[in-house]
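Asks: Below is a structure I'd like to ask you about.
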Amino acid sequence: MSVFTLAKEHLDVLEEKKLKSNPKLIEKTIRNDDFYSLDQKDMQYFLRVADVLYRYGKAIISDKEYDDKETWYKENHPESHLYDVVQSDLRESGKTVKLPKKMLSTDKAYSKKEIEKWLDRILKAALNLNINHDEIMIRVTPKLDGYAAYDDGSMLYTRGDGVNGQDITRAFERGLKVKKNGTRGLGAGEIVIDKKYFDKNLSEYFENSRNIQAAIIAEKNVDDKVMKAINDGACVFYPFSLIDNWTGHYKELLNDFDNIVEKIWNAVPYDVDGVILEAIDSQIKNNMGATRKFHRWQIAFKRNDESAEVEVVSVTPQTSRTGRVTPVAELVPTRISGATISRATVHHYKMVKSTGVGPGAVLKVVRSGLVIPKIEEVIKPVEPQLPQYCPSCQSHLIWESDHLICPNKSDCPAQTENTLVHFFKTLGNNDGFGPKNVEKMTNLGIRHIHDVYSIKEHQFASYGFGDKTSKNLFDQLQASRNIEIEDWRFLSAFGVSRLGGGNCERLLQYYSLRELFEATVEDIAKLDGFATVSAEAIVEGLANIKEEFLKVYGLGFNLSITTKHSEQEGSSSPIAGSTIVFTGTMLQGKRGDMEKHAKSLGAKVGKSVTSKTTYLVAGEKVGETKINGARDKGVEVISEQEYLDLIN
């Protein structure tokens with residue numbers, strides 16, 4: 001992705017949709033690739049903005065990026081009902097009407113391997129129904145990149161949120177025709193425009209075809225050029241039931257996958273952003289059913305394919321708010337998909353080092369779906385140039401997995417704001433010190449955690465806070481010291497590289513907080529779960545924060561001490577040695593308390609499911625994706641009650 005700034009066209013859409021509250025958050029998130037460090041509310045705002053801009057033909061992230069972020073968000077915040085605020089095509093003012101039939105979205109895959117996993121689920125359903133595998137047929141159709149709608153014969157509806165849409169029958173009244181001389185009332189389809197017609201007659205006046213599709217259904221007078229496109233038959237409503245397709249046995253699909261996809265992708269003269277695969281057996285469809293969002297018997301296969309070869313002028317290091325130093329490739333300005341590309345980030349410095357990205361290198365840059373470009377391949381490598389020092393604070397950089405990291409969490413200007421936000425967010429026992437309030441303070445010179453705790457109640461007013469807010473912030477600071485928190489959580493709040501909550505807890509099973517700062521690389525590398533590279537990063541990171549840590553520690557926080565490893569040995573509980581992940585809403589107590597209790601019984605508690613996970617304990621409101629993903633990894637999924645029965 002390139003260094004990114006929202007353009008006026010983006011801001012105009014956000015203003016129209018009343019989403020212009022924090023465009024700087026969007027820009028920072030895309031620039032620094034730190035979506036996963038946002039709080040829940042900001043994550044939801046980001047996804048809503050990305051969704052709306054995509055539907056206005058002004059996408060800011062790729063489909064895959066959006067899908068990955070949306071999936072992660074919903075799995076980690078199942079209670080937030082994200083579906084209620086995204087995936088809505090409702091753009092016109094007017095009365096909302098119920099659709100005659102639900103129009104669900106389509107799940108997506110970006111590799112043949114993902115398609116094979118989907119087919120495995122089809123085969124499993126067939127086995128349950130005693131359907132012979134020789135009878136399983138798959139239909140493949142183009143995935144039209146148009147404006148989704150539903151025609152019941154008397155009314156044309158927008159897809160809306162999949163349940164409720166709006167009446168846009170006016171499109172037919174303006175002369176819109178059904179493709180292939182089809183009759184009205186053929187159900188779901190897309191409003192599309194012929195690509196060649198658009199390029200020849202309309203590309204000079206409209207940025208992309210999605211703008212045309214939206215203009216066709218506009219309540220106000222339609223542009224004369226759009227009306228001519230309708231009258232010329234270039235704009236049509238294309239029902240899915242009439243669309244060109246390939247239908248055949250699933251084995252034939254797998255054996256000739258690339259050719260079949262290529263043929264169907266190019267089967268129609270309209271914009272296409274993938275192909276749809278679906279089982280056609282009605283018994284299988286009924287058996288597999290649907291999630292709240294997708295039909296399980298259907299999936300879309302997508303790929304990136306708009307690219308150009310671009311020469312690198314230089315590679316500039318940029319330190320993000322999380323301490324990662326991101327390599328930004330300055331490019332010879334090159335036109336791709338109607339836009340001039342001059343910068344793109346390399347994924348990380350490991351890629352710079354291993355693939356030879358530097359001045360004079362030639363890259364294959366992809367810009368699919370009119371979104372931010374990405375480097376797909378290094379065609380001509382050169383000798384790379386790796387920075388040794390942070391461009392923001394000149395600290396010596398360290399390697400963390402694929403990334404170069406600035407370990408100076410306390411005094412690096414690029415990281416100051418994130419360090420403060422991370423500290424209070426990780427403590428989790430206070431309120432009021434989110435990104436906006438912290439930004440106010442850092443803009444006026446607050447740089448360190450201990451500086452925040454030195455602010456008196458009356459002094460908050462000088463940072464732009466009202467009397468009531470000032471008192472609340474002061475009270476919350478006191479609360480954060482008085483409310484009991486775990487010592488590992490306190491250490492993790494300082495944001496040292498390789499010291500997330502799990503590693504902090506493991507280390508504090510062997511060392512006290514003060515003792516840990518005296519541990520050597522060799523000491524830490526001896527412990528289970530710590531390699532030499534990790535130990536080196538931890539020791540250097542601890543050295544960088546030691547002065548600040550001792551100042552904050554000296555303020556007298558109420559810390560509960562981690563049980564030492566020697567006291568845990570010999571546990572005979574039924575979950576001793578197991579790795580457990582808790583997800584969803586628990587009914588018998590807070591998830592945090594259950595995690596703490598599980599650890600006291602000798603279990604390891606993870607935050608995400610891996611092949612090493614023993615149990616996924618699923619509470620209420622857990623998505624099918626997460627449960628199916630766990631089972632695919634061979635993890636036993638149990639309910640909260642089954643877990644309680646197990647430990648009792």
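Residue numbering restarts at 1 in every chain; chains get A, B, ... in the order shown in the structure tokens, and ligands count up from 1 in that same order.
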Fewer than 2 positions away in the same chain doesn't count, so skip those; otherwise give me all residues within 12 Å of Leu542 in chain A, counting only C-alpha atoms, as a PyMOL selection string.
Replies: chain A and resi 407-410+491-492+494-499+504+513-521+535-540+544-550
Asks: Selected residues, N, CA, C and O atoms, written as a compact mmCIF listing (two decimals), in the first residue's frame, please.
Replies:
# COMPACT_ATOMS: atom_id res chain seq x y z
N PRO A 407 13.29 0.22 19.50
CA PRO A 407 12.93 -0.24 20.84
C PRO A 407 12.71 0.90 21.85
O PRO A 407 12.35 0.65 22.99
N ASN A 408 12.92 2.15 21.40
CA ASN A 408 12.85 3.29 22.31
C ASN A 408 11.40 3.73 22.50
O ASN A 408 10.94 4.69 21.89
N LYS A 409 10.66 3.00 23.34
CA LYS A 409 9.25 3.29 23.54
C LYS A 409 9.02 4.60 24.28
O LYS A 409 7.97 5.22 24.16
N SER A 410 9.99 5.03 25.09
CA SER A 410 9.78 6.17 25.98
C SER A 410 10.06 7.51 25.32
O SER A 410 9.36 8.49 25.60
N LEU A 491 3.69 -4.85 33.35
CA LEU A 491 4.91 -4.88 32.54
C LEU A 491 4.59 -4.79 31.05
O LEU A 491 5.23 -4.05 30.29
N SER A 492 3.58 -5.53 30.62
CA SER A 492 3.19 -5.54 29.21
C SER A 492 2.76 -4.16 28.73
O SER A 492 2.90 -3.82 27.55
N PHE A 494 4.10 -1.42 29.02
CA PHE A 494 5.20 -0.56 28.56
C PHE A 494 5.57 -0.83 27.10
O PHE A 494 6.40 -0.12 26.54
N GLY A 495 4.97 -1.83 26.50
CA GLY A 495 5.10 -2.04 25.06
C GLY A 495 6.46 -2.48 24.57
O GLY A 495 6.85 -2.17 23.45
N VAL A 496 7.20 -3.23 25.38
CA VAL A 496 8.52 -3.71 24.96
C VAL A 496 8.35 -4.77 23.86
O VAL A 496 7.45 -5.63 23.94
N SER A 497 9.20 -4.72 22.84
CA SER A 497 9.15 -5.71 21.77
C SER A 497 9.29 -7.12 22.34
O SER A 497 10.12 -7.36 23.22
N ARG A 498 8.48 -8.04 21.86
CA ARG A 498 8.44 -9.44 22.28
C ARG A 498 7.88 -9.63 23.69
O ARG A 498 7.94 -10.73 24.21
N LEU A 499 7.37 -8.57 24.31
CA LEU A 499 6.83 -8.72 25.66
C LEU A 499 5.33 -8.41 25.67
O LEU A 499 4.88 -7.42 26.27
N CYS A 504 5.26 -11.89 29.15
CA CYS A 504 5.47 -11.25 30.45
C CYS A 504 5.12 -12.21 31.58
O CYS A 504 5.86 -12.34 32.56
N LEU A 513 9.56 -8.38 39.14
CA LEU A 513 9.66 -7.27 38.20
C LEU A 513 11.06 -6.65 38.23
O LEU A 513 11.66 -6.37 37.19
N ARG A 514 11.58 -6.40 39.41
CA ARG A 514 12.89 -5.77 39.51
C ARG A 514 14.01 -6.72 39.06
O ARG A 514 14.96 -6.31 38.39
N GLU A 515 13.88 -7.99 39.42
CA GLU A 515 14.91 -8.96 39.04
C GLU A 515 15.01 -9.12 37.53
O GLU A 515 16.10 -9.36 36.99
N LEU A 516 13.89 -8.98 36.84
CA LEU A 516 13.85 -9.21 35.40
C LEU A 516 14.80 -8.25 34.66
O LEU A 516 15.40 -8.62 33.65
N PHE A 517 14.95 -7.03 35.17
CA PHE A 517 15.81 -6.05 34.50
C PHE A 517 17.29 -6.41 34.62
O PHE A 517 18.12 -5.85 33.91
N GLU A 518 17.61 -7.33 35.50
CA GLU A 518 19.00 -7.77 35.66
C GLU A 518 19.27 -9.06 34.89
O GLU A 518 20.41 -9.52 34.82
N ALA A 519 18.23 -9.68 34.33
CA ALA A 519 18.41 -10.94 33.60
C ALA A 519 19.20 -10.71 32.31
O ALA A 519 19.06 -9.70 31.64
N THR A 520 20.04 -11.68 31.97
CA THR A 520 20.85 -11.59 30.75
C THR A 520 20.16 -12.32 29.60
O THR A 520 19.16 -13.04 29.79
N VAL A 521 20.71 -12.13 28.40
CA VAL A 521 20.19 -12.85 27.23
C VAL A 521 20.26 -14.35 27.47
O VAL A 521 19.32 -15.09 27.16
N ALA A 535 15.23 -13.28 23.17
CA ALA A 535 15.88 -12.85 24.41
C ALA A 535 16.68 -11.57 24.20
O ALA A 535 16.67 -10.66 25.04
N GLU A 536 17.39 -11.48 23.06
CA GLU A 536 18.17 -10.27 22.77
C GLU A 536 17.27 -9.05 22.65
O GLU A 536 17.57 -7.97 23.18
N ALA A 537 16.13 -9.22 21.95
CA ALA A 537 15.20 -8.09 21.79
C ALA A 537 14.61 -7.68 23.13
O ALA A 537 14.44 -6.48 23.41
N ILE A 538 14.29 -8.66 23.98
CA ILE A 538 13.69 -8.37 25.28
C ILE A 538 14.68 -7.63 26.19
O ILE A 538 14.33 -6.62 26.81
N VAL A 539 15.91 -8.11 26.25
CA VAL A 539 16.92 -7.47 27.11
C VAL A 539 17.18 -6.04 26.65
O VAL A 539 17.26 -5.11 27.47
N GLU A 540 17.30 -5.84 25.33
CA GLU A 540 17.54 -4.48 24.83
C GLU A 540 16.32 -3.59 25.08
O GLU A 540 16.46 -2.43 25.47
N ASN A 544 15.98 -0.13 27.49
CA ASN A 544 15.48 1.15 26.99
C ASN A 544 14.40 1.75 27.88
O ASN A 544 14.27 2.97 27.96
N ILE A 545 13.59 0.91 28.52
CA ILE A 545 12.48 1.45 29.32
C ILE A 545 12.79 1.48 30.81
O ILE A 545 11.96 1.94 31.60
N LYS A 546 13.97 1.00 31.22
CA LYS A 546 14.24 0.81 32.64
C LYS A 546 14.02 2.09 33.45
O LYS A 546 13.35 2.08 34.49
N GLU A 547 14.59 3.19 33.00
CA GLU A 547 14.47 4.45 33.74
C GLU A 547 13.00 4.86 33.89
O GLU A 547 12.55 5.20 34.98
N GLU A 548 12.26 4.80 32.78
CA GLU A 548 10.84 5.18 32.84
C GLU A 548 10.04 4.19 33.68
O GLU A 548 9.17 4.57 34.45
N PHE A 549 10.35 2.90 33.52
CA PHE A 549 9.63 1.88 34.28
C PHE A 549 9.78 2.11 35.78
O PHE A 549 8.79 2.07 36.52
N LEU A 550 10.99 2.38 36.24
CA LEU A 550 11.21 2.55 37.68
C LEU A 550 10.50 3.79 38.21
O LEU A 550 10.00 3.79 39.34
Asks: Show which residues sit within 7 Å of range 124-140 of chain A, as a PyMOL selection string. Count only C-alpha atoms, and ignore same-chain residues fewer than 4 positions away.
Replies: chain A and resi 120+245-250+275-280+284+287-288
Asks: Can you write just those residues out, N, CA, C and O atoms, as an mmCIF file, in the first residue's frame?
Replies:
data_model
loop_
_atom_site.group_PDB
_atom_site.id
_atom_site.type_symbol
_atom_site.label_atom_id
_atom_site.label_comp_id
_atom_site.auth_asym_id
_atom_site.auth_seq_id
_atom_site.Cartn_x
_atom_site.Cartn_y
_atom_site.Cartn_z
ATOM 1 N N ASP A 120 -14.304 -29.339 0.230
ATOM 2 C CA ASP A 120 -14.319 -30.385 1.262
ATOM 3 C C ASP A 120 -15.581 -30.303 2.107
ATOM 4 O O ASP A 120 -16.155 -31.331 2.497
ATOM 5 N N ASN A 245 -22.320 -19.183 -17.693
ATOM 6 C CA ASN A 245 -21.794 -20.026 -16.627
ATOM 7 C C ASN A 245 -21.088 -21.257 -17.183
ATOM 8 O O ASN A 245 -21.270 -21.636 -18.337
ATOM 9 N N TRP A 246 -20.280 -21.857 -16.328
ATOM 10 C CA TRP A 246 -19.728 -23.192 -16.555
ATOM 11 C C TRP A 246 -20.308 -24.080 -15.477
ATOM 12 O O TRP A 246 -20.281 -23.741 -14.285
ATOM 13 N N THR A 247 -20.853 -25.246 -15.857
ATOM 14 C CA THR A 247 -21.392 -26.192 -14.887
ATOM 15 C C THR A 247 -20.789 -27.566 -15.171
ATOM 16 O O THR A 247 -20.806 -28.040 -16.305
ATOM 17 N N GLY A 248 -20.226 -28.189 -14.130
ATOM 18 C CA GLY A 248 -19.599 -29.487 -14.322
ATOM 19 C C GLY A 248 -19.275 -30.156 -12.997
ATOM 20 O O GLY A 248 -19.545 -29.615 -11.916
ATOM 21 N N HIS A 249 -18.666 -31.341 -13.088
ATOM 22 C CA HIS A 249 -18.333 -32.110 -11.907
ATOM 23 C C HIS A 249 -17.205 -31.429 -11.137
ATOM 24 O O HIS A 249 -16.315 -30.809 -11.720
ATOM 25 N N TYR A 250 -17.228 -31.554 -9.806
ATOM 26 C CA TYR A 250 -16.250 -30.844 -8.980
ATOM 27 C C TYR A 250 -14.816 -31.275 -9.287
ATOM 28 O O TYR A 250 -13.870 -30.469 -9.194
ATOM 29 N N VAL A 275 -15.092 -14.725 -9.677
ATOM 30 C CA VAL A 275 -16.087 -15.689 -10.153
ATOM 31 C C VAL A 275 -16.803 -16.264 -8.938
ATOM 32 O O VAL A 275 -16.230 -16.353 -7.852
ATOM 33 N N ILE A 276 -18.068 -16.628 -9.121
ATOM 34 C CA ILE A 276 -18.870 -17.238 -8.058
ATOM 35 C C ILE A 276 -18.945 -18.736 -8.298
ATOM 36 O O ILE A 276 -19.261 -19.183 -9.400
ATOM 37 N N LEU A 277 -18.646 -19.529 -7.258
ATOM 38 C CA LEU A 277 -18.789 -20.976 -7.333
ATOM 39 C C LEU A 277 -19.914 -21.381 -6.385
ATOM 40 O O LEU A 277 -19.989 -20.872 -5.250
ATOM 41 N N GLU A 278 -20.768 -22.287 -6.823
ATOM 42 C CA GLU A 278 -21.860 -22.718 -5.957
ATOM 43 C C GLU A 278 -22.266 -24.163 -6.261
ATOM 44 O O GLU A 278 -22.190 -24.631 -7.403
ATOM 45 N N ALA A 279 -22.653 -24.865 -5.198
ATOM 46 C CA ALA A 279 -23.224 -26.201 -5.375
ATOM 47 C C ALA A 279 -24.629 -26.040 -5.941
ATOM 48 O O ALA A 279 -25.338 -25.100 -5.591
ATOM 49 N N ILE A 280 -25.037 -26.944 -6.826
ATOM 50 C CA ILE A 280 -26.361 -26.786 -7.438
ATOM 51 C C ILE A 280 -27.387 -27.775 -6.897
ATOM 52 O O ILE A 280 -28.578 -27.639 -7.182
ATOM 53 N N ILE A 284 -28.087 -30.353 -0.809
ATOM 54 C CA ILE A 284 -26.839 -29.851 -0.223
ATOM 55 C C ILE A 284 -27.016 -28.410 0.229
ATOM 56 O O ILE A 284 -26.574 -28.015 1.315
ATOM 57 N N ASN A 287 -29.020 -28.362 3.387
ATOM 58 C CA ASN A 287 -28.264 -28.925 4.505
ATOM 59 C C ASN A 287 -27.202 -27.964 5.017
ATOM 60 O O ASN A 287 -27.007 -27.814 6.229
ATOM 61 N N MET A 288 -26.509 -27.285 4.106
ATOM 62 C CA MET A 288 -25.429 -26.384 4.510
ATOM 63 C C MET A 288 -25.965 -25.052 5.023
ATOM 64 O O MET A 288 -25.377 -24.434 5.914
#
Asks: Just how far from CA of Ile336 in chain A is CA of Thr316 in chain A, in Å to one decimal?
Replies: 22.0 Å
Asks: Separation of CA of Gly289 in chain A and CA of Val622 in chain A, in Å?
Replies: 17.3 Å
Asks: Show me, as a PyMOL selection string, the residues that have an atom within 6 Å of range 185-192 of chain A when counting only C-alpha atoms, minus same-chain residues fewer than 4 positions from it.
Replies: chain A and resi 146-153+235-240
